[in-house]
Amino acid sequence: ILFIGDIVGKSGREAFSNNLNVLKEKYEPEVIIVNAENAASGYGLNKKIAEEIFSQGVDVLTLGNHAWDEKEMLSYIEERSNIIRAINYPKGVPGKGEYKIILEDGRSLIIIQVMLRLFMGISLDDPFSVIKKRLSSEFLGNTCNGILIDLHGETTSEKNSFAHFVDGKVTAVLGTHTHVPTSDARILQNKTAYQTDVGMTGDYNSVIGFEKEKPIHAFTKGYRAEGRFVPASGIGLVCGAFLESDDNTGLANKIETFQI
């Protein structure tokens, strides 16, 4: 499984396109998953960009707290079941929080996105109770061969807690949202692969993928300058993680991070 962290703006999209074949040749993944919630000018995802990413061999796109910044996503997500938003959005929100891939030989992988709540400023259902209920009817190596969770959240403590909460019940928990890769990729006690944040795909000569001036202004002046932050436009890097799992147990054998 190849998992690529948050694509930020045009720089991120170009880095992804320029390096995907290199990653395919190195890892030979059977499934490719991309977080694309910042792909459209740093804020959300639209149909045109989603189709461009899918055309390069991507199986599933995940979103996050910017899921609805591009309003067309509210309807387009109903057309594209392999674009998923957080499973713990309140009832009635468009789209779904999971997608099941079935490979040609019958093996299956379920991809779920969960959004955490600390400092996120969004009305969300309790991620712990939602995932506990969902996993009560899913069993690794029985009902599926693997379960991967894209864990979209702000704080390391909440991400750590969630990962230990589901350890042994899912194949992997990979963090997104903070755009800074952490050096804690490992296999937990009960054989779930984990990384607090896989990092972003974009220009790292920036403030989490955006031109430096406006974020610095906000922190030094106490208020934001007019207009949105602007994605940085330098040469980008692709960050993410590669996973290998046991088809019989659904648990992780390997996690390897990359920055290319």
# chains A, B, ... in the order shown; residues from 1 in each chain; ligands from 1
>>> residues_around(residues="region 159-170 of chain A", least_positions_apart="5", cutoff="10 Å", atoms="only C-alpha atoms", output="number ranges by chain")
A: 110, 114-116, 118, 127-128, 131-132, 135-136, 138-140, 145-149, 151-154, 175-176, 187-197, 249-252
>>> residues_around(residues="Asp150 (chain A)", least_positions_apart="4", cutoff="10 Å", atoms="only C-alpha atoms", output="VMD selection string")
chain A and resid 3 5 33 to 35 62 to 64 85 to 86 98 111 to 115 172 to 177 197 to 198
>>> atom_distance(atom1="CA of Lys100 (chain A)", atom2="CA of Arg117 (chain A)")
25.0 Å
>>> select_by_dssp(residues="region 107-192 of chain A", states="helix (DSSP H, G or I)", output="PyMOL selection string")
chain A and resi 127-135+156-166
>>> atom_distance(atom1="CA of Lys133 (chain A)", atom2="CA of Thr155 (chain A)")
23.1 Å
>>> atom_distance(atom1="CA of Thr257 (chain A)", atom2="CA of Ala185 (chain A)")
7.2 Å
>>> residues_around(residues="region 17-21 of chain A", least_positions_apart="5", cutoff="8 Å", atoms="only C-alpha atoms", output="list in words")
Gln56, Val238 and Ile260 of chain A
>>> closest_residue(among="A:Asp105, A:Glu28, A:Glu211, A:Asp184", to="Asp247 (chain A)", atoms="only C-alpha atoms")
A:Asp105
